[in-house]
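Listing of input-v8.csv; format and content: CSV, N, CA and C atoms.
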chain,number,residue,atom,x,y,z
W,2,MET,N,-2.3,1.0,-14.5
W,2,MET,CA,-2.7,0.0,-15.4
W,2,MET,C,-3.5,-1.1,-14.7
W,3,THR,N,-4.6,-1.5,-15.4
W,3,THR,CA,-5.4,-2.6,-14.8
W,3,THR,C,-5.1,-3.8,-15.6
W,4,PHE,N,-4.7,-4.9,-14.8
W,4,PHE,CA,-4.4,-6.2,-15.4
W,4,PHE,C,-5.6,-7.1,-15.1
W,5,SER,N,-5.9,-8.0,-16.0
W,5,SER,CA,-7.0,-8.9,-15.7
W,5,SER,C,-6.7,-10.3,-16.2
W,6,VAL,N,-7.4,-11.3,-15.5
W,6,VAL,CA,-7.2,-12.7,-15.9
W,6,VAL,C,-8.6,-13.3,-15.9
W,7,PRO,N,-8.9,-14.2,-16.9
W,7,PRO,CA,-10.2,-14.8,-16.9
W,7,PRO,C,-10.2,-16.1,-16.1
W,8,VAL,N,-11.4,-16.4,-15.5
W,8,VAL,CA,-11.7,-17.6,-14.7
W,8,VAL,C,-13.1,-18.0,-15.0
W,9,THR,N,-13.3,-19.3,-15.0
W,9,THR,CA,-14.7,-19.8,-15.1
W,9,THR,C,-15.0,-20.6,-13.8
W,10,VAL,N,-16.1,-20.3,-13.2
W,10,VAL,CA,-16.5,-20.9,-11.9
W,10,VAL,C,-16.8,-22.4,-12.1
W,11,ARG,N,-16.1,-23.2,-11.3
W,11,ARG,CA,-16.2,-24.7,-11.4
W,11,ARG,C,-17.2,-25.3,-10.3
W,12,GLY,N,-17.7,-26.4,-10.6
W,12,GLY,CA,-18.7,-27.0,-9.7
W,12,GLY,C,-18.2,-27.3,-8.3
W,13,TYR,N,-17.0,-27.8,-8.2
W,13,TYR,CA,-16.4,-28.1,-6.9
W,13,TYR,C,-16.1,-26.9,-6.0
W,14,GLU,N,-16.3,-25.7,-6.6
W,14,GLU,CA,-16.0,-24.4,-5.8
W,14,GLU,C,-17.3,-23.9,-5.2
W,15,LEU,N,-18.4,-24.5,-5.4
W,15,LEU,CA,-19.7,-24.0,-4.9
W,15,LEU,C,-19.9,-24.5,-3.5
W,16,ASP,N,-20.8,-23.7,-2.7
W,16,ASP,CA,-21.2,-24.1,-1.4
W,16,ASP,C,-22.5,-24.7,-1.4
W,17,VAL,N,-23.1,-25.0,-0.3
W,17,VAL,CA,-24.4,-25.7,-0.2
W,17,VAL,C,-25.5,-24.8,-0.7
W,18,ASN,N,-25.3,-23.5,-0.9
W,18,ASN,CA,-26.3,-22.6,-1.4
W,18,ASN,C,-26.3,-22.6,-2.9
W,19,GLY,N,-25.3,-23.2,-3.5
W,19,GLY,CA,-25.2,-23.3,-5.0
W,19,GLY,C,-24.5,-22.1,-5.6
W,20,HIS,N,-23.9,-21.3,-4.7
W,20,HIS,CA,-23.0,-20.2,-5.3
W,20,HIS,C,-21.6,-20.3,-4.8
W,21,LEU,N,-20.7,-19.6,-5.4
W,21,LEU,CA,-19.3,-19.7,-5.1
W,21,LEU,C,-19.0,-19.5,-3.7
W,22,ASN,N,-18.2,-20.5,-3.1
W,22,ASN,CA,-17.8,-20.4,-1.7
W,22,ASN,C,-17.0,-19.2,-1.5
W,23,GLN,N,-17.2,-18.5,-0.3
W,23,GLN,CA,-16.5,-17.3,0.0
W,23,GLN,C,-15.0,-17.4,0.0
W,24,ALA,N,-14.5,-18.5,0.4
W,24,ALA,CA,-13.0,-18.7,0.4
W,24,ALA,C,-12.5,-18.7,-1.0
W,25,VAL,N,-13.2,-19.2,-2.0
W,25,VAL,CA,-12.8,-19.3,-3.3
W,25,VAL,C,-12.6,-17.9,-4.0
W,26,TYR,N,-13.3,-16.9,-3.6
W,26,TYR,CA,-13.1,-15.6,-4.0
W,26,TYR,C,-11.7,-15.1,-3.7
W,27,HIS,N,-11.2,-15.5,-2.5
W,27,HIS,CA,-9.9,-15.2,-2.1
W,27,HIS,C,-8.8,-15.9,-3.0
W,28,GLN,N,-9.1,-17.2,-3.3
W,28,GLN,CA,-8.2,-17.9,-4.2
W,28,GLN,C,-8.2,-17.3,-5.5
W,29,TYR,N,-9.3,-16.8,-6.1
W,29,TYR,CA,-9.3,-16.2,-7.4
W,29,TYR,C,-8.4,-14.9,-7.3
W,30,ALA,N,-8.6,-14.1,-6.2
W,30,ALA,CA,-7.8,-12.9,-6.1
W,30,ALA,C,-6.3,-13.2,-6.0
W,31,GLU,N,-5.9,-14.3,-5.2
W,31,GLU,CA,-4.5,-14.7,-5.1
W,31,GLU,C,-4.0,-15.1,-6.5
W,32,HIS,N,-4.8,-15.9,-7.2
W,32,HIS,CA,-4.4,-16.4,-8.5
W,32,HIS,C,-4.1,-15.2,-9.4
W,33,ALA,N,-4.9,-14.2,-9.4
W,33,ALA,CA,-4.7,-13.0,-10.2
W,33,ALA,C,-3.4,-12.2,-9.8
W,34,ARG,N,-3.2,-12.1,-8.5
W,34,ARG,CA,-2.0,-11.5,-8.0
W,34,ARG,C,-0.7,-12.2,-8.5
W,35,TRP,N,-0.7,-13.5,-8.5
W,35,TRP,CA,0.5,-14.2,-9.1
W,35,TRP,C,0.6,-14.0,-10.6
W,36,GLU,N,-0.6,-14.0,-11.3
W,36,GLU,CA,-0.6,-13.8,-12.7
W,36,GLU,C,0.0,-12.4,-13.1
W,37,VAL,N,-0.4,-11.4,-12.3
W,37,VAL,CA,0.2,-10.0,-12.7
W,37,VAL,C,1.7,-10.0,-12.4
W,38,LEU,N,2.1,-10.7,-11.4
W,38,LEU,CA,3.6,-10.7,-11.2
W,38,LEU,C,4.3,-11.5,-12.3
W,39,ARG,N,3.6,-12.6,-12.7
W,39,ARG,CA,4.2,-13.4,-13.8
W,39,ARG,C,4.2,-12.6,-15.1
W,40,ALA,N,3.2,-11.8,-15.4
W,40,ALA,CA,3.1,-11.0,-16.6
W,40,ALA,C,4.2,-9.9,-16.5
W,41,ALA,N,4.6,-9.5,-15.4
W,41,ALA,CA,5.7,-8.5,-15.2
W,41,ALA,C,7.1,-9.2,-15.3
W,42,GLY,N,7.1,-10.5,-15.4
W,42,GLY,CA,8.4,-11.2,-15.5
W,42,GLY,C,8.9,-11.6,-14.2
W,43,LEU,N,8.1,-11.6,-13.2
W,43,LEU,CA,8.5,-11.9,-11.8
W,43,LEU,C,7.9,-13.3,-11.4
W,44,VAL,N,8.4,-14.3,-12.1
W,44,VAL,CA,8.0,-15.7,-11.8
W,44,VAL,C,8.5,-16.1,-10.4
W,45,PRO,N,7.8,-17.1,-9.8
W,45,PRO,CA,8.2,-17.4,-8.4
W,45,PRO,C,9.7,-17.8,-8.3
W,46,ASP,N,10.2,-18.6,-9.2
W,46,ASP,CA,11.6,-19.0,-9.2
W,46,ASP,C,12.6,-17.8,-9.2
W,47,LYS,N,12.3,-16.9,-10.1
W,47,LYS,CA,13.1,-15.7,-10.2
W,47,LYS,C,13.1,-14.9,-8.8
W,48,MET,N,11.9,-14.8,-8.3
W,48,MET,CA,11.7,-14.1,-7.0
W,48,MET,C,12.5,-14.8,-5.9
W,49,ARG,N,12.4,-16.1,-5.8
W,49,ARG,CA,13.1,-16.9,-4.8
W,49,ARG,C,14.6,-16.8,-5.0
W,50,LEU,N,15.1,-16.9,-6.2
W,50,LEU,CA,16.5,-16.8,-6.5
W,50,LEU,C,17.1,-15.4,-6.1
W,51,SER,N,16.3,-14.4,-6.2
W,51,SER,CA,16.7,-13.0,-5.8
W,51,SER,C,16.5,-12.8,-4.3
W,52,GLY,N,16.0,-13.8,-3.6
W,52,GLY,CA,15.8,-13.7,-2.1
W,52,GLY,C,14.6,-12.9,-1.7
W,53,LEU,N,13.6,-12.8,-2.5
W,53,LEU,CA,12.5,-12.0,-2.2
W,53,LEU,C,11.2,-12.7,-2.5
W,54,GLY,N,10.2,-12.4,-1.7
W,54,GLY,CA,8.9,-13.0,-1.9
W,54,GLY,C,7.8,-12.0,-1.5
W,55,PRO,N,6.7,-11.9,-2.3
W,55,PRO,CA,5.6,-11.0,-1.9
W,55,PRO,C,4.8,-11.6,-0.8
W,56,VAL,N,4.3,-10.8,0.1
W,56,VAL,CA,3.5,-11.2,1.2
W,56,VAL,C,2.2,-10.3,1.3
W,57,VAL,N,1.1,-11.0,1.7
W,57,VAL,CA,-0.1,-10.2,2.0
W,57,VAL,C,-0.1,-9.8,3.4
W,58,LEU,N,-0.3,-8.6,3.7
W,58,LEU,CA,-0.3,-8.0,5.0
W,58,LEU,C,-1.8,-7.8,5.5
W,59,GLU,N,-2.6,-7.6,4.6
W,59,GLU,CA,-4.1,-7.3,4.9
W,59,GLU,C,-4.9,-7.5,3.7
W,60,SER,N,-6.1,-8.1,3.8
W,60,SER,CA,-6.9,-8.3,2.7
W,60,SER,C,-8.4,-8.1,3.2
W,61,THR,N,-9.1,-7.2,2.5
W,61,THR,CA,-10.5,-6.9,2.8
W,61,THR,C,-11.3,-7.1,1.6
W,62,VAL,N,-12.4,-7.8,1.7
W,62,VAL,CA,-13.3,-8.1,0.6
W,62,VAL,C,-14.7,-7.6,0.9
W,63,LYS,N,-15.3,-7.1,-0.2
W,63,LYS,CA,-16.7,-6.8,-0.1
W,63,LYS,C,-17.4,-7.6,-1.2
W,64,TYR,N,-18.3,-8.5,-0.7
W,64,TYR,CA,-19.1,-9.4,-1.6
W,64,TYR,C,-20.3,-8.6,-2.2
W,65,ARG,N,-20.4,-8.5,-3.5
W,65,ARG,CA,-21.5,-7.7,-4.1
W,65,ARG,C,-22.6,-8.5,-4.7
W,66,ARG,N,-22.2,-9.5,-5.6
W,66,ARG,CA,-23.2,-10.4,-6.3
W,66,ARG,C,-22.6,-11.8,-6.3
W,67,GLU,N,-23.6,-12.7,-6.1
W,67,GLU,CA,-23.1,-14.1,-6.1
W,67,GLU,C,-22.7,-14.6,-7.5
W,68,LEU,N,-21.9,-15.6,-7.5
W,68,LEU,CA,-21.4,-16.3,-8.7
W,68,LEU,C,-21.9,-17.7,-8.7
W,69,HIS,N,-22.2,-18.3,-9.9
W,69,HIS,CA,-22.7,-19.6,-10.0
W,69,HIS,C,-21.9,-20.5,-11.0
W,70,LEU,N,-22.2,-21.7,-11.0
W,70,LEU,CA,-21.5,-22.7,-11.9
W,70,LEU,C,-21.5,-22.2,-13.3
W,71,GLY,N,-20.3,-22.2,-13.9
W,71,GLY,CA,-20.2,-21.8,-15.3
W,71,GLY,C,-20.1,-20.3,-15.6
W,72,ASP,N,-20.2,-19.5,-14.5
W,72,ASP,CA,-20.1,-18.0,-14.8
W,72,ASP,C,-18.6,-17.7,-15.2
W,73,GLU,N,-18.5,-17.0,-16.3
W,73,GLU,CA,-17.2,-16.5,-16.7
W,73,GLU,C,-17.0,-15.1,-16.2
W,74,ILE,N,-15.8,-15.0,-15.6
W,74,ILE,CA,-15.5,-13.8,-14.9
W,74,ILE,C,-14.1,-13.3,-15.3
W,75,THR,N,-13.8,-12.1,-14.9
W,75,THR,CA,-12.4,-11.6,-15.0
W,75,THR,C,-12.0,-11.1,-13.6
W,76,VAL,N,-10.8,-11.3,-13.2
W,76,VAL,CA,-10.3,-10.8,-11.9
W,76,VAL,C,-9.2,-9.8,-12.2
W,77,THR,N,-9.4,-8.6,-11.7
W,77,THR,CA,-8.5,-7.5,-12.1
W,77,THR,C,-7.5,-7.2,-10.9
W,78,CYS,N,-6.4,-6.6,-11.3
W,78,CYS,CA,-5.4,-6.1,-10.3
W,78,CYS,C,-4.9,-4.8,-10.8
W,79,GLU,N,-4.9,-3.9,-9.8
W,79,GLU,CA,-4.3,-2.5,-10.1
W,79,GLU,C,-3.5,-2.2,-8.9
W,80,CYS,N,-2.2,-2.0,-9.1
W,80,CYS,CA,-1.3,-1.7,-8.0
W,80,CYS,C,-1.2,-0.2,-7.7
W,81,ARG,N,-1.1,0.2,-6.5
W,81,ARG,CA,-0.8,1.5,-6.0
W,81,ARG,C,0.4,1.6,-5.2
W,82,TRP,N,1.3,2.5,-5.5
W,82,TRP,CA,2.6,2.6,-4.8
W,82,TRP,C,2.7,3.9,-4.0
W,83,GLY,N,3.4,3.8,-2.9
W,83,GLY,CA,3.6,5.0,-2.1
W,83,GLY,C,5.0,4.9,-1.4
W,84,GLU,N,5.2,5.5,-0.3
W,84,GLU,CA,6.4,5.5,0.4
W,84,GLU,C,6.3,4.4,1.4
W,85,GLY,N,7.5,3.9,1.8
W,85,GLY,CA,7.5,2.9,2.9
W,85,GLY,C,7.5,1.4,2.4
W,86,LYS,N,7.3,0.5,3.3
W,86,LYS,CA,7.4,-0.9,3.0
W,86,LYS,C,6.2,-1.6,2.4
W,87,ALA,N,5.1,-0.9,2.4
W,87,ALA,CA,3.9,-1.5,1.9
W,87,ALA,C,3.5,-0.9,0.5
W,88,PHE,N,2.7,-1.7,-0.3
W,88,PHE,CA,2.1,-1.3,-1.5
W,88,PHE,C,0.7,-1.9,-1.5
W,89,TRP,N,-0.2,-1.4,-2.4
W,89,TRP,CA,-1.6,-1.7,-2.3
W,89,TRP,C,-2.0,-2.3,-3.7
W,90,MET,N,-3.0,-3.2,-3.6
W,90,MET,CA,-3.6,-3.7,-4.9
W,90,MET,C,-5.1,-3.7,-4.7
W,91,ASP,N,-5.7,-3.0,-5.7
W,91,ASP,CA,-7.2,-3.0,-5.7
W,91,ASP,C,-7.6,-4.1,-6.8
W,92,GLN,N,-8.5,-4.9,-6.4
W,92,GLN,CA,-8.9,-6.0,-7.3
W,92,GLN,C,-10.5,-6.1,-7.3
W,93,GLN,N,-11.0,-6.5,-8.5
W,93,GLN,CA,-12.4,-6.7,-8.7
W,93,GLN,C,-12.6,-8.1,-9.3
W,94,ILE,N,-13.7,-8.7,-9.0
W,94,ILE,CA,-14.1,-9.9,-9.7
W,94,ILE,C,-15.4,-9.5,-10.4
W,95,ARG,N,-15.4,-9.6,-11.7
W,95,ARG,CA,-16.5,-9.1,-12.5
W,95,ARG,C,-17.0,-10.1,-13.5
W,96,LYS,N,-18.3,-10.2,-13.6
W,96,LYS,CA,-18.9,-11.0,-14.7
W,96,LYS,C,-18.6,-10.3,-16.0
W,97,LEU,N,-18.8,-11.1,-17.1
W,97,LEU,CA,-18.5,-10.5,-18.4
W,97,LEU,C,-19.4,-9.4,-18.8
W,98,ASP,N,-20.6,-9.3,-18.1
W,98,ASP,CA,-21.5,-8.2,-18.4
W,98,ASP,C,-21.2,-6.9,-17.6
W,99,GLY,N,-20.1,-7.0,-16.8
W,99,GLY,CA,-19.6,-5.9,-16.0
W,99,GLY,C,-20.1,-5.9,-14.6
W,100,THR,N,-21.0,-6.8,-14.2
W,100,THR,CA,-21.4,-6.8,-12.9
W,100,THR,C,-20.3,-7.2,-11.9
W,101,VAL,N,-20.1,-6.3,-10.9
W,101,VAL,CA,-19.0,-6.6,-9.9
W,101,VAL,C,-19.5,-7.5,-8.9
W,102,SER,N,-18.8,-8.7,-8.7
W,102,SER,CA,-19.2,-9.7,-7.8
W,102,SER,C,-18.5,-9.5,-6.4
W,103,ALA,N,-17.3,-9.0,-6.5
W,103,ALA,CA,-16.5,-8.8,-5.3
W,103,ALA,C,-15.4,-7.7,-5.5
W,104,GLU,N,-15.1,-7.0,-4.4
W,104,GLU,CA,-14.0,-6.0,-4.5
W,104,GLU,C,-13.0,-6.3,-3.4
W,105,PHE,N,-11.8,-6.3,-3.7
W,105,PHE,CA,-10.7,-6.5,-2.7
W,105,PHE,C,-9.8,-5.3,-2.6
W,106,SER,N,-9.4,-5.1,-1.4
W,106,SER,CA,-8.4,-4.1,-1.1
W,106,SER,C,-7.3,-4.8,-0.3
W,107,VAL,N,-6.1,-4.9,-0.9
W,107,VAL,CA,-5.1,-5.7,-0.4
W,107,VAL,C,-3.8,-4.9,-0.1
W,108,VAL,N,-3.3,-5.0,1.1
W,108,VAL,CA,-2.0,-4.4,1.5
W,108,VAL,C,-0.9,-5.5,1.4
W,109,LEU,N,0.1,-5.2,0.6
W,109,LEU,CA,1.2,-6.2,0.4
W,109,LEU,C,2.6,-5.6,0.8
W,110,GLY,N,3.5,-6.5,0.9
W,110,GLY,CA,4.9,-6.1,1.2
W,110,GLY,C,5.8,-7.1,0.4
W,111,LEU,N,7.0,-6.8,0.3
W,111,LEU,CA,8.0,-7.6,-0.3
W,111,LEU,C,9.0,-8.0,0.7
W,112,MET,N,9.1,-9.3,1.0
W,112,MET,CA,9.9,-9.8,2.1
W,112,MET,C,11.3,-10.3,1.6
W,113,ASP,N,12.3,-9.9,2.4
W,113,ASP,CA,13.6,-10.4,2.2
W,113,ASP,C,13.6,-11.8,2.9
W,114,LEU,N,13.7,-12.8,2.1
W,114,LEU,CA,13.5,-14.2,2.6
W,114,LEU,C,14.6,-14.7,3.5
W,115,ASP,N,15.8,-14.0,3.5
W,115,ASP,CA,16.9,-14.4,4.4
W,115,ASP,C,16.7,-13.7,5.8
W,116,ALA,N,16.5,-12.4,5.7
W,116,ALA,CA,16.3,-11.6,6.9
W,116,ALA,C,14.9,-11.8,7.5
W,117,ARG,N,13.9,-12.3,6.7
W,117,ARG,CA,12.5,-12.4,7.2
W,117,ARG,C,11.9,-11.1,7.6
W,118,LYS,N,12.3,-10.1,6.8
W,118,LYS,CA,11.7,-8.7,7.1
W,118,LYS,C,11.3,-8.1,5.8
W,119,LEU,N,10.4,-7.1,5.8
W,119,LEU,CA,10.0,-6.4,4.6
W,119,LEU,C,11.1,-5.5,4.1
W,120,VAL,N,11.3,-5.5,2.8
W,120,VAL,CA,12.3,-4.5,2.2
W,120,VAL,C,11.7,-3.1,2.3
W,121,SER,N,12.6,-2.1,2.4
W,121,SER,CA,12.1,-0.8,2.7
W,121,SER,C,11.5,-0.1,1.5
W,122,ASN,N,11.8,-0.5,0.3
W,122,ASN,CA,11.3,0.2,-0.9
W,122,ASN,C,10.9,-0.9,-2.0
W,123,PRO,N,9.7,-1.5,-1.8
W,123,PRO,CA,9.4,-2.6,-2.8
W,123,PRO,C,9.3,-2.1,-4.2
W,124,SER,N,8.9,-0.9,-4.5
W,124,SER,CA,8.7,-0.5,-5.9
W,124,SER,C,10.1,-0.5,-6.6
W,125,GLN,N,11.1,0.0,-5.9
W,125,GLN,CA,12.5,0.0,-6.4
W,125,GLN,C,13.0,-1.4,-6.7
W,126,ARG,N,12.7,-2.4,-5.8
W,126,ARG,CA,13.2,-3.7,-6.0
W,126,ARG,C,12.4,-4.4,-7.2
W,127,PHE,N,11.1,-4.1,-7.3
W,127,PHE,CA,10.4,-4.6,-8.5
W,127,PHE,C,10.9,-4.0,-9.8
W,128,LEU,N,11.2,-2.7,-9.7
W,128,LEU,CA,11.8,-2.1,-10.9
W,128,LEU,C,13.1,-2.7,-11.4
W,129,GLU,N,13.9,-3.1,-10.4
W,129,GLU,CA,15.2,-3.8,-10.7
W,129,GLU,C,15.0,-5.1,-11.3
W,130,LEU,N,13.9,-5.9,-10.9
W,130,LEU,CA,13.8,-7.3,-11.3
W,130,LEU,C,12.8,-7.5,-12.4
W,131,ALA,N,11.8,-6.7,-12.6
W,131,ALA,CA,10.7,-6.9,-13.5
W,131,ALA,C,11.2,-6.7,-14.9
W,132,GLU,N,10.7,-7.5,-15.8
W,132,GLU,CA,11.0,-7.3,-17.3
W,132,GLU,C,10.0,-6.4,-17.9
W,133,SER,N,8.8,-6.3,-17.3
W,133,SER,CA,7.7,-5.4,-17.8
W,133,SER,C,7.1,-4.7,-16.5
W,134,PRO,N,7.8,-3.8,-15.9
W,134,PRO,CA,7.3,-3.1,-14.7
W,134,PRO,C,6.0,-2.3,-14.9
W,135,GLY,N,5.7,-2.0,-16.2
W,135,GLY,CA,4.5,-1.2,-16.5
W,135,GLY,C,3.2,-2.0,-16.1
W,136,VAL,N,3.3,-3.3,-16.1
W,136,VAL,CA,2.1,-4.1,-15.8
W,136,VAL,C,1.8,-3.9,-14.3
W,137,LEU,N,2.8,-3.5,-13.5
W,137,LEU,CA,2.6,-3.3,-12.1
W,137,LEU,C,2.3,-1.8,-11.8
W,138,GLY,N,2.2,-1.0,-12.9
W,138,GLY,CA,2.0,0.4,-12.7
W,138,GLY,C,3.3,1.2,-12.3
W,139,LEU,N,4.4,0.6,-12.6
W,139,LEU,CA,5.7,1.2,-12.3
W,139,LEU,C,6.4,1.8,-13.6

With the file now loaded, output its structure as structure tokens.
Amino acid sequence: MTFSVPVTVRGYELDVNGHLNQAVYHQYAEHARWEVLRAAGLVPDKMRLSGLGPVVLESTVKYRRELHLGDEITVTCECRWGEGKAFWMDQQIRKLDGTVSAEFSVVLGLMDLDARKLVSNPSQRFLELAESPGVLGL
């Protein structure tokens, strides 16, 4: 399942070239990752109270097209699950006309906040905690 969240590019996010600063692309992707968790019913307080927290292990971005002030975009998230401690999220930042501005490939884990180690089966833990696990592709 592909989840998306709308964002409008704001003036203070631009660089000296008049387009979106490269670091802000990462912020948009992070915002969308928190929104997909929230949509699944995994709000930060609930995660903390259960002793768990998502962590980014690796993030790769490919910049495709620049964004400018006022551009309306969507940021997508699509989770991929496998064996082991990591899971993956593919993300795109797209203009409303479908133009892809950036593509992210993110490796994530779910940390046990007391032990400070990754849990061995994050998909199972998300299934136990999420109110709407389908949003996460579970």

- Close residues, stretch 89-99 of chain W itself excluded, 6.5 Å, all atoms listed in the file, min 4 positions apart in chain, as a PyMOL selection string: chain W and resi 73-83+103-109

- List every residue of chain W that DSSP, applied to the backbone, labels as strand (DSSP E or B), and write the result as number ranges by chain. W: 4-9, 15, 21, 53-64, 73-81, 87-96, 101-113, 118-119

- Message: At a cut-off of 8 Å around the point (-19.4, -23.2, -16.3) (file coordinates), what residues fall inside when counting only N, CA and C atoms? I'd like the answer as a PyMOL selection string.
- Response: chain W and resi 9-12+69-73

- Note on the structure: The distance between atom C of W:Val136 and atom N of W:Gly42 is 8.5 Å

- Message: When DSSP is applied to the backbone of this structure, which of chain W are assigned helix (DSSP H, G or I)? Write them out as a PyMOL selection string.
- Response: chain W and resi 12-14+23-40+45-50+123-130+134-137

- Query: Which one is closest to W:Trp35: W:Ser60, W:Thr100, W:Asn22, W:Ser5? Count only C-alpha atoms.
  - Reply: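 The closest residue to W:Trp35 is W:Ser5.
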
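Note that atom C of W:Glu67 and atom N of W:Asp16 are 10.5 Å apart.
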
- Contacts of W:Lys86 at 8 Å or less, counting only C-alpha atoms, minus same-chain residues fewer than 4 places along, as a list in words?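 Counting only C-alpha atoms, the residues come to Gly110, Leu111, Leu119, Val120, Ser121, Asn122 and Pro123 of chain W.
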
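Between atom N of W:Asp113 and atom N of W:Pro55 lies a distance of 7.6 Å.
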
- Please identify all polymer residues within 7 Å of W:Leu43, counting only N, CA and C atoms, omitting same-chain residues fewer than 3 positions from it, and present them as an MDAnalysis selection string. chainID W and resid 37:40 46:48 130:133
